[in-house]
Amino acid sequence: MDSINRRQFLKAGSVATAGLPFAADLLATQAAAPRASSKMIAIQIGAVSFADEGIEECLDILKERGAVNTVMPAVYSNSRGTAGRHKPYPGHGKNVEDLSIKGGNYATVHPSFYKDISIDPLATQATDHPGFDVLRDLIPHTRKRGMKVIGLFQNSFNEKLPGADKLFSFDFNGKQTDALCFNNPYHRRFLTGLVDDYVNSYDIDGLIYVNETQGAFTDMIGARFRGRERGLPGSRTCFCQYCIDKGKAQGIRVDRLKAAFQEAEKLVAAGRAHQKPVDGFYVSFWRLLLRNPELLQWEHLYHESYREVYKLMYDHVKAANKNCQFGLHIWTNTSMNPIYRAEQDFAELSKCADFLKLALYNNCGGPRMASYIQSIGDTVYGDLPLQEVTQFHYRVLNYPSEAPFAGVSEAGLSANYVYQEIKRARAGRGPGGAKILAGIDVDIPLSQLDIVEGAKMENARLTTRERVRDATGEALRAGADGIVISRKYSEMKLDNLSGIGDAVRSMS
Ligand SMILES: [Zn+2]
């Protein structure tokens, strides 16, 4: 972007934000002259917001509303969840009908960092905002304000790129999917190439990697929110040759995998159809595991594999700049699924991360918890009423004060849940472990898939300024090393974003 275009770009943003109804409210917030917190207060934001609203204007709003001192731009993403606009229109940015994004690398691709990745690295360049580099063009403005920049990159890919199929996973029926495999050497080289490019080409303070996946077995039994839809027969991964060879080398009887997953599929299909096995679901589940230990071995192999990739990326970051921070987003599934939680050992993860951002989304977390319970309540816990499944999970996850199944969609999860989770993470990371950041949700939208039988979308708990303030306050009170406002600025109502600033300033 040449300097004239850059000026136009900034000007366009000031036009876009001038005269909006929040202006007076914003001035009122400024007048409060708050003391800034010494903890990291970060926000996830897509390049589209800088394009729509202007860099300077955005940064001013983030600082005033959210007490933000660290910007986490989506530098590599193919997901509208971190890089796009939003409906319903939150009252800032551009109000457009077409929400689609092109996706890819929102900084400038420097091809020399990418070796043997099966695709042309230049093809991964995002083309949504021609001439705009979300790091090069943002960093001077953040420096001026004393703000840090941590680039967010997400496990995602444009499956239409020529050569992309070489990075993809296979399901247990041998069918190729568009999910990425962590044992695939092309994928690993792509990720280390991204890390090398960002850390060597830009004066960034850190990177955070977002991976929201689990293994084939837990996905198959529906152990996640929206699990009923995710557990489709044969859809889970990965069973590619790289994974098979690795499993074989570890002594896993890979020749039995297909039959084992077919048996699991039968149990899940019976559960979804509410056809109770002779000995019930729980006993049948354990019979399945005892007869097919490969199911759990394969699950653990999956989690070990992405942790290897985390360590690989961590080492690349430190080799390029030992002061650059590397962090991980910990998927909200760790708040629901005890099997997934068992794989998220904070002391272990601290070996490959300087900070861990726990997605403690207490607003959308209510409906998500209900949809998780409904899903797993069809399979492993099909013998129990859903309220008993819920109670069991609250006990084992240590949530002393959450709403029952019938009300959790509408009540959301409490601020106390955020407090409990930060306490647990701080104890679990061990001495010298990674910093613990609380991911607080502001206006993350719900899908119809989150809405369980008997609940209504319009009644499901929506973000309010007070709830954001309370969750943030409890996270800080529990000793969180910082806050990450999630999941992207373009979907947040500005008044709700102010809930972060309310909490931070009241505790400064
Ligand atoms: Zn694989």
# chains A, B, ... in the order shown; residues from 1 in each chain; ligands from 1

call {"tool": "residues_near_ligand", "arguments": {"ligand": "ligand 1", "cutoff": "10 Å", "atoms": "only C-alpha atoms and all ligand atoms", "output": "PDB file with C-alpha atoms, in the first residue's frame"}}
result
ATOM      1  CA  LEU A 167      -2.058 -32.041   3.343  1.00  0.00           C
ATOM      2  CA  PHE A 168      -5.410 -33.607   4.050  1.00  0.00           C
ATOM      3  CA  SER A 169      -6.667 -36.347   6.350  1.00  0.00           C
ATOM      4  CA  PHE A 170      -8.394 -39.615   5.572  1.00  0.00           C
ATOM      5  CA  ASP A 171     -11.291 -41.196   7.422  1.00  0.00           C
ATOM      6  CA  ALA A 179      -9.308 -31.624   7.525  1.00  0.00           C
ATOM      7  CA  LEU A 180      -5.567 -31.162   8.024  1.00  0.00           C
ATOM      8  CA  CYS A 181      -3.384 -33.936   9.418  1.00  0.00           C
ATOM      9  CA  PHE A 182      -0.789 -33.122  12.083  1.00  0.00           C
ATOM     10  CA  ASN A 183       1.420 -36.033  11.023  1.00  0.00           C
ATOM     11  CA  ASN A 184       1.501 -34.870   7.429  1.00  0.00           C
ATOM     12  CA  PRO A 185       5.023 -33.517   6.657  1.00  0.00           C
ATOM     13  CA  THR A 237      -9.976 -38.543  11.039  1.00  0.00           C
ATOM     14  CA  CYS A 238      -7.116 -39.283  10.711  1.00  0.00           C
ATOM     15  CA  PHE A 239      -6.212 -42.602   9.167  1.00  0.00           C
ATOM     16  CA  CYS A 240      -3.774 -41.441   6.464  1.00  0.00           C
ATOM     17  CA  GLN A 241      -0.614 -43.381   5.686  1.00  0.00           C
ATOM     18  CA  TYR A 242       1.534 -41.061   7.829  1.00  0.00           C
ATOM     19  CA  CYS A 243      -0.705 -41.744  10.835  1.00  0.00           C
ATOM     20  CA  ILE A 244      -0.883 -45.470  10.104  1.00  0.00           C
ATOM     21  CA  ASP A 245       2.924 -45.721   9.858  1.00  0.00           C
ATOM     22  CA  LYS A 246       3.366 -43.776  13.101  1.00  0.00           C
ATOM     23  CA  TYR A 302      -3.929 -37.797  17.692  1.00  0.00           C
ATOM     24  CA  SER A 305       0.713 -35.550  17.318  1.00  0.00           C
TER      25      SER A 305
END

call {"tool": "select_by_dssp", "arguments": {"residues": "segment 104-272 of chain A", "states": "strand (DSSP E)", "output": "PDB file with N, CA and C atoms, in the first residue's frame"}}
result
ATOM      1  N   GLY A 104      -6.842 -16.850   4.188  1.00  0.00           N
ATOM      2  CA  GLY A 104      -5.430 -17.114   3.918  1.00  0.00           C
ATOM      3  C   GLY A 104      -4.556 -16.258   4.813  1.00  0.00           C
ATOM      4  N   ASN A 105      -3.428 -15.797   4.242  1.00  0.00           N
ATOM      5  CA  ASN A 105      -2.438 -15.054   5.007  1.00  0.00           C
ATOM      6  C   ASN A 105      -2.700 -13.558   4.860  1.00  0.00           C
ATOM      7  N   LYS A 148       0.938  -4.016  22.324  1.00  0.00           N
ATOM      8  CA  LYS A 148       1.684  -5.137  21.749  1.00  0.00           C
ATOM      9  C   LYS A 148       0.868  -5.804  20.643  1.00  0.00           C
ATOM     10  N   VAL A 149       1.557  -6.565  19.802  1.00  0.00           N
ATOM     11  CA  VAL A 149       0.879  -7.282  18.717  1.00  0.00           C
ATOM     12  C   VAL A 149       1.265  -8.752  18.773  1.00  0.00           C
ATOM     13  N   ILE A 150       0.255  -9.594  18.910  1.00  0.00           N
ATOM     14  CA  ILE A 150       0.447 -11.048  18.891  1.00  0.00           C
ATOM     15  C   ILE A 150      -0.416 -11.601  17.761  1.00  0.00           C
ATOM     16  N   GLY A 151       0.218 -12.145  16.742  1.00  0.00           N
ATOM     17  CA  GLY A 151      -0.524 -12.641  15.572  1.00  0.00           C
ATOM     18  C   GLY A 151      -1.246 -13.952  15.888  1.00  0.00           C
ATOM     19  N   LEU A 152      -2.493 -14.020  15.447  1.00  0.00           N
ATOM     20  CA  LEU A 152      -3.287 -15.241  15.667  1.00  0.00           C
ATOM     21  C   LEU A 152      -3.347 -16.018  14.366  1.00  0.00           C
ATOM     22  N   PHE A 153      -2.953 -17.291  14.405  1.00  0.00           N
ATOM     23  CA  PHE A 153      -3.091 -18.125  13.209  1.00  0.00           C
ATOM     24  C   PHE A 153      -3.833 -19.402  13.564  1.00  0.00           C
ATOM     25  N   GLN A 154      -4.645 -19.823  12.626  1.00  0.00           N
ATOM     26  CA  GLN A 154      -5.659 -20.837  12.928  1.00  0.00           C
ATOM     27  C   GLN A 154      -5.489 -22.066  12.051  1.00  0.00           C
ATOM     28  N   PHE A 168      -4.140 -33.269   3.426  1.00  0.00           N
ATOM     29  CA  PHE A 168      -5.410 -33.607   4.050  1.00  0.00           C
ATOM     30  C   PHE A 168      -5.448 -34.982   4.717  1.00  0.00           C
ATOM     31  N   SER A 169      -6.450 -35.127   5.566  1.00  0.00           N
ATOM     32  CA  SER A 169      -6.667 -36.347   6.350  1.00  0.00           C
ATOM     33  C   SER A 169      -7.504 -37.359   5.574  1.00  0.00           C
ATOM     34  N   PHE A 170      -7.516 -38.570   6.103  1.00  0.00           N
ATOM     35  CA  PHE A 170      -8.394 -39.615   5.572  1.00  0.00           C
ATOM     36  C   PHE A 170      -9.240 -40.171   6.715  1.00  0.00           C
ATOM     37  N   GLN A 176     -10.738 -39.389   1.570  1.00  0.00           N
ATOM     38  CA  GLN A 176     -10.019 -38.172   1.906  1.00  0.00           C
ATOM     39  C   GLN A 176     -10.999 -37.078   2.351  1.00  0.00           C
ATOM     40  N   THR A 177     -10.609 -36.318   3.391  1.00  0.00           N
ATOM     41  CA  THR A 177     -11.448 -35.219   3.880  1.00  0.00           C
ATOM     42  C   THR A 177     -10.663 -33.915   3.725  1.00  0.00           C
ATOM     43  N   ASP A 178     -11.296 -32.791   4.020  1.00  0.00           N
ATOM     44  CA  ASP A 178     -10.550 -31.529   3.904  1.00  0.00           C
ATOM     45  C   ASP A 178      -9.979 -31.060   5.249  1.00  0.00           C
ATOM     46  N   ALA A 179      -9.982 -31.959   6.257  1.00  0.00           N
ATOM     47  CA  ALA A 179      -9.308 -31.624   7.525  1.00  0.00           C
ATOM     48  C   ALA A 179      -7.801 -31.820   7.343  1.00  0.00           C
ATOM     49  N   LEU A 180      -7.021 -31.072   8.140  1.00  0.00           N
ATOM     50  CA  LEU A 180      -5.567 -31.162   8.024  1.00  0.00           C
ATOM     51  C   LEU A 180      -5.028 -32.205   8.989  1.00  0.00           C
ATOM     52  N   GLY A 206       4.536 -11.717  19.579  1.00  0.00           N
ATOM     53  CA  GLY A 206       4.227 -13.129  19.776  1.00  0.00           C
ATOM     54  C   GLY A 206       3.272 -13.662  18.740  1.00  0.00           C
ATOM     55  N   LEU A 207       2.991 -14.950  18.885  1.00  0.00           N
ATOM     56  CA  LEU A 207       2.025 -15.648  18.025  1.00  0.00           C
ATOM     57  C   LEU A 207       1.146 -16.512  18.914  1.00  0.00           C
ATOM     58  N   ILE A 208      -0.105 -16.683  18.496  1.00  0.00           N
ATOM     59  CA  ILE A 208      -0.990 -17.627  19.180  1.00  0.00           C
ATOM     60  C   ILE A 208      -1.617 -18.527  18.123  1.00  0.00           C
ATOM     61  N   TYR A 209      -1.590 -19.829  18.412  1.00  0.00           N
ATOM     62  CA  TYR A 209      -2.109 -20.809  17.449  1.00  0.00           C
ATOM     63  C   TYR A 209      -3.446 -21.356  17.945  1.00  0.00           C
ATOM     64  N   VAL A 210      -4.397 -21.443  17.031  1.00  0.00           N
ATOM     65  CA  VAL A 210      -5.748 -21.907  17.361  1.00  0.00           C
ATOM     66  C   VAL A 210      -5.998 -23.252  16.687  1.00  0.00           C
TER      67      VAL A 210
END

call {"tool": "closest_residue", "arguments": {"among": "A:Pro367, A:Gly479, A:Gly271, A:Gly54", "to": "Gly222 of chain A", "atoms": "only C-alpha atoms"}}
result
A:Gly271

call {"tool": "residues_around", "arguments": {"residues": "Glu410 of chain A", "least_positions_apart": "5", "cutoff": "12 Å", "atoms": "only C-alpha atoms", "output": "MDAnalysis selection string"}}
result
chainID A and resid 362:370 402:405 446 450:452 454:463

call {"tool": "write_last_selection", "arguments": {"atoms": "C-alpha atoms", "output": "mmCIF file, in the first residue's frame"}}
result
data_model
loop_
_atom_site.group_PDB
_atom_site.id
_atom_site.type_symbol
_atom_site.label_atom_id
_atom_site.label_comp_id
_atom_site.auth_asym_id
_atom_site.auth_seq_id
_atom_site.Cartn_x
_atom_site.Cartn_y
_atom_site.Cartn_z
ATOM 1 C CA ASN A 362 -19.535 -18.285 29.817
ATOM 2 C CA ASN A 363 -22.204 -16.680 27.623
ATOM 3 C CA CYS A 364 -22.285 -19.019 24.617
ATOM 4 C CA GLY A 365 -20.964 -21.665 27.043
ATOM 5 C CA GLY A 366 -24.474 -22.282 28.407
ATOM 6 C CA PRO A 367 -26.063 -23.429 25.145
ATOM 7 C CA ARG A 368 -22.837 -25.186 24.193
ATOM 8 C CA MET A 369 -22.818 -27.123 27.462
ATOM 9 C CA ALA A 370 -26.433 -28.163 26.848
ATOM 10 C CA GLU A 402 -24.169 -23.964 37.390
ATOM 11 C CA ALA A 403 -27.747 -24.140 36.140
ATOM 12 C CA PRO A 404 -29.490 -27.491 35.546
ATOM 13 C CA PHE A 405 -29.782 -28.933 32.057
ATOM 14 C CA LEU A 446 -25.063 -19.164 18.530
ATOM 15 C CA ASP A 450 -26.329 -25.157 19.899
ATOM 16 C CA ILE A 451 -30.009 -25.091 20.756
ATOM 17 C CA VAL A 452 -31.203 -28.264 22.451
ATOM 18 C CA GLY A 454 -37.013 -27.665 24.492
ATOM 19 C CA ALA A 455 -34.852 -24.505 24.400
ATOM 20 C CA LYS A 456 -35.391 -21.472 22.221
ATOM 21 C CA MET A 457 -32.699 -19.557 20.390
ATOM 22 C CA GLU A 458 -34.184 -16.202 21.398
ATOM 23 C CA ASN A 459 -34.015 -17.117 25.081
ATOM 24 C CA ALA A 460 -30.451 -18.464 25.007
ATOM 25 C CA ARG A 461 -28.122 -16.415 27.126
ATOM 26 C CA LEU A 462 -26.759 -13.424 25.281
ATOM 27 C CA THR A 463 -23.805 -11.314 26.225
#

call {"tool": "select_by_dssp", "arguments": {"residues": "segment 81-132 of chain A", "states": "helix (DSSP H, G or I)", "output": "list in words"}}
result
Gly81, Thr82, Ala83, Pro111, Ser112, Phe113, Pro121, Leu122, Ala123 and Thr124 of chain A

call {"tool": "write_last_selection", "arguments": {"atoms": "N, CA and C atoms", "output": "PDB file, in the first residue's frame"}}
result
ATOM      1  N   GLY A  81     -15.028 -17.042  11.528  1.00  0.00           N
ATOM      2  CA  GLY A  81     -15.074 -16.965  12.987  1.00  0.00           C
ATOM      3  C   GLY A  81     -13.993 -16.072  13.579  1.00  0.00           C
ATOM      4  N   THR A  82     -12.849 -15.967  12.902  1.00  0.00           N
ATOM      5  CA  THR A  82     -11.796 -15.091  13.413  1.00  0.00           C
ATOM      6  C   THR A  82     -11.469 -13.957  12.440  1.00  0.00           C
ATOM      7  N   ALA A  83     -11.857 -14.094  11.174  1.00  0.00           N
ATOM      8  CA  ALA A  83     -11.381 -13.115  10.183  1.00  0.00           C
ATOM      9  C   ALA A  83     -12.473 -12.361   9.434  1.00  0.00           C
ATOM     10  N   PRO A 111       7.855 -16.038   0.127  1.00  0.00           N
ATOM     11  CA  PRO A 111       7.926 -17.439  -0.306  1.00  0.00           C
ATOM     12  C   PRO A 111       9.164 -18.197   0.163  1.00  0.00           C
ATOM     13  N   SER A 112      10.276 -17.476   0.415  1.00  0.00           N
ATOM     14  CA  SER A 112      11.505 -18.199   0.759  1.00  0.00           C
ATOM     15  C   SER A 112      11.380 -18.982   2.071  1.00  0.00           C
ATOM     16  N   PHE A 113      10.400 -18.664   2.906  1.00  0.00           N
ATOM     17  CA  PHE A 113      10.252 -19.381   4.184  1.00  0.00           C
ATOM     18  C   PHE A 113       9.516 -20.715   4.043  1.00  0.00           C
ATOM     19  N   PRO A 121       3.290 -21.132  -2.190  1.00  0.00           N
ATOM     20  CA  PRO A 121       3.014 -20.320  -0.995  1.00  0.00           C
ATOM     21  C   PRO A 121       2.259 -19.035  -1.320  1.00  0.00           C
ATOM     22  N   LEU A 122       2.539 -18.460  -2.498  1.00  0.00           N
ATOM     23  CA  LEU A 122       1.864 -17.202  -2.851  1.00  0.00           C
ATOM     24  C   LEU A 122       0.354 -17.389  -2.996  1.00  0.00           C
ATOM     25  N   ALA A 123      -0.064 -18.629  -3.260  1.00  0.00           N
ATOM     26  CA  ALA A 123      -1.506 -18.893  -3.401  1.00  0.00           C
ATOM     27  C   ALA A 123      -2.222 -18.790  -2.051  1.00  0.00           C
ATOM     28  N   THR A 124      -1.463 -18.787  -0.936  1.00  0.00           N
ATOM     29  CA  THR A 124      -2.098 -18.670   0.385  1.00  0.00           C
ATOM     30  C   THR A 124      -2.288 -17.203   0.802  1.00  0.00           C
TER      31      THR A 124
END

call {"tool": "closest_residue", "arguments": {"among": "A:Val468, A:Ala480, A:Leu386, A:Ile117", "to": "Leu413 of chain A", "atoms": "only C-alpha atoms"}}
result
A:Val468

call {"tool": "closest_residue", "arguments": {"among": "A:Gln262, A:Ser201, A:Thr192, A:Ser79", "to": "Phe172 of chain A", "atoms": "only C-alpha atoms"}}
result
A:Gln262

call {"tool": "residues_around", "arguments": {"residues": "Trp286 of chain A", "least_positions_apart": "5", "cutoff": "12 Å", "atoms": "only C-alpha atoms", "output": "PyMOL selection string"}}
result
chain A and resi 264+267+279-281+291-293+295-296+379-381

call {"tool": "residues_around", "arguments": {"residues": "Glu212 of chain A", "least_positions_apart": "2", "cutoff": "9 Å", "atoms": "only C-alpha atoms", "output": "list in words"}}
result
Gln154, Asn155, Val210, Gln214, His329, Ile330, Trp331, Thr332 and Asn333 of chain A

call {"tool": "write_last_selection", "arguments": {"atoms": "N, CA and C atoms", "output": "PDB file, in the first residue's frame"}}
result
ATOM      1  N   GLN A 154      -4.645 -19.823  12.626  1.00  0.00           N
ATOM      2  CA  GLN A 154      -5.659 -20.837  12.928  1.00  0.00           C
ATOM      3  C   GLN A 154      -5.489 -22.066  12.051  1.00  0.00           C
ATOM      4  N   ASN A 155      -5.741 -23.211  12.653  1.00  0.00           N
ATOM      5  CA  ASN A 155      -5.727 -24.489  11.928  1.00  0.00           C
ATOM      6  C   ASN A 155      -6.851 -24.481  10.896  1.00  0.00           C
ATOM      7  N   VAL A 210      -4.397 -21.443  17.031  1.00  0.00           N
ATOM      8  CA  VAL A 210      -5.748 -21.907  17.361  1.00  0.00           C
ATOM      9  C   VAL A 210      -5.998 -23.252  16.687  1.00  0.00           C
ATOM     10  N   GLN A 214     -10.196 -32.636  17.892  1.00  0.00           N
ATOM     11  CA  GLN A 214      -9.880 -33.772  18.767  1.00  0.00           C
ATOM     12  C   GLN A 214      -9.814 -35.018  17.893  1.00  0.00           C
ATOM     13  N   HIS A 329      -4.281 -21.332  22.021  1.00  0.00           N
ATOM     14  CA  HIS A 329      -5.701 -21.222  22.359  1.00  0.00           C
ATOM     15  C   HIS A 329      -6.154 -22.620  22.784  1.00  0.00           C
ATOM     16  N   ILE A 330      -6.743 -22.709  23.971  1.00  0.00           N
ATOM     17  CA  ILE A 330      -7.257 -24.017  24.428  1.00  0.00           C
ATOM     18  C   ILE A 330      -8.767 -24.024  24.200  1.00  0.00           C
ATOM     19  N   TRP A 331      -9.167 -24.917  23.352  1.00  0.00           N
ATOM     20  CA  TRP A 331     -10.551 -24.998  22.860  1.00  0.00           C
ATOM     21  C   TRP A 331     -11.558 -25.108  24.010  1.00  0.00           C
ATOM     22  N   THR A 332     -12.705 -24.499  23.838  1.00  0.00           N
ATOM     23  CA  THR A 332     -13.746 -24.510  24.863  1.00  0.00           C
ATOM     24  C   THR A 332     -14.258 -25.919  25.185  1.00  0.00           C
ATOM     25  N   ASN A 333     -13.944 -26.885  24.337  1.00  0.00           N
ATOM     26  CA  ASN A 333     -14.330 -28.272  24.623  1.00  0.00           C
ATOM     27  C   ASN A 333     -13.732 -28.772  25.943  1.00  0.00           C
TER      28      ASN A 333
END
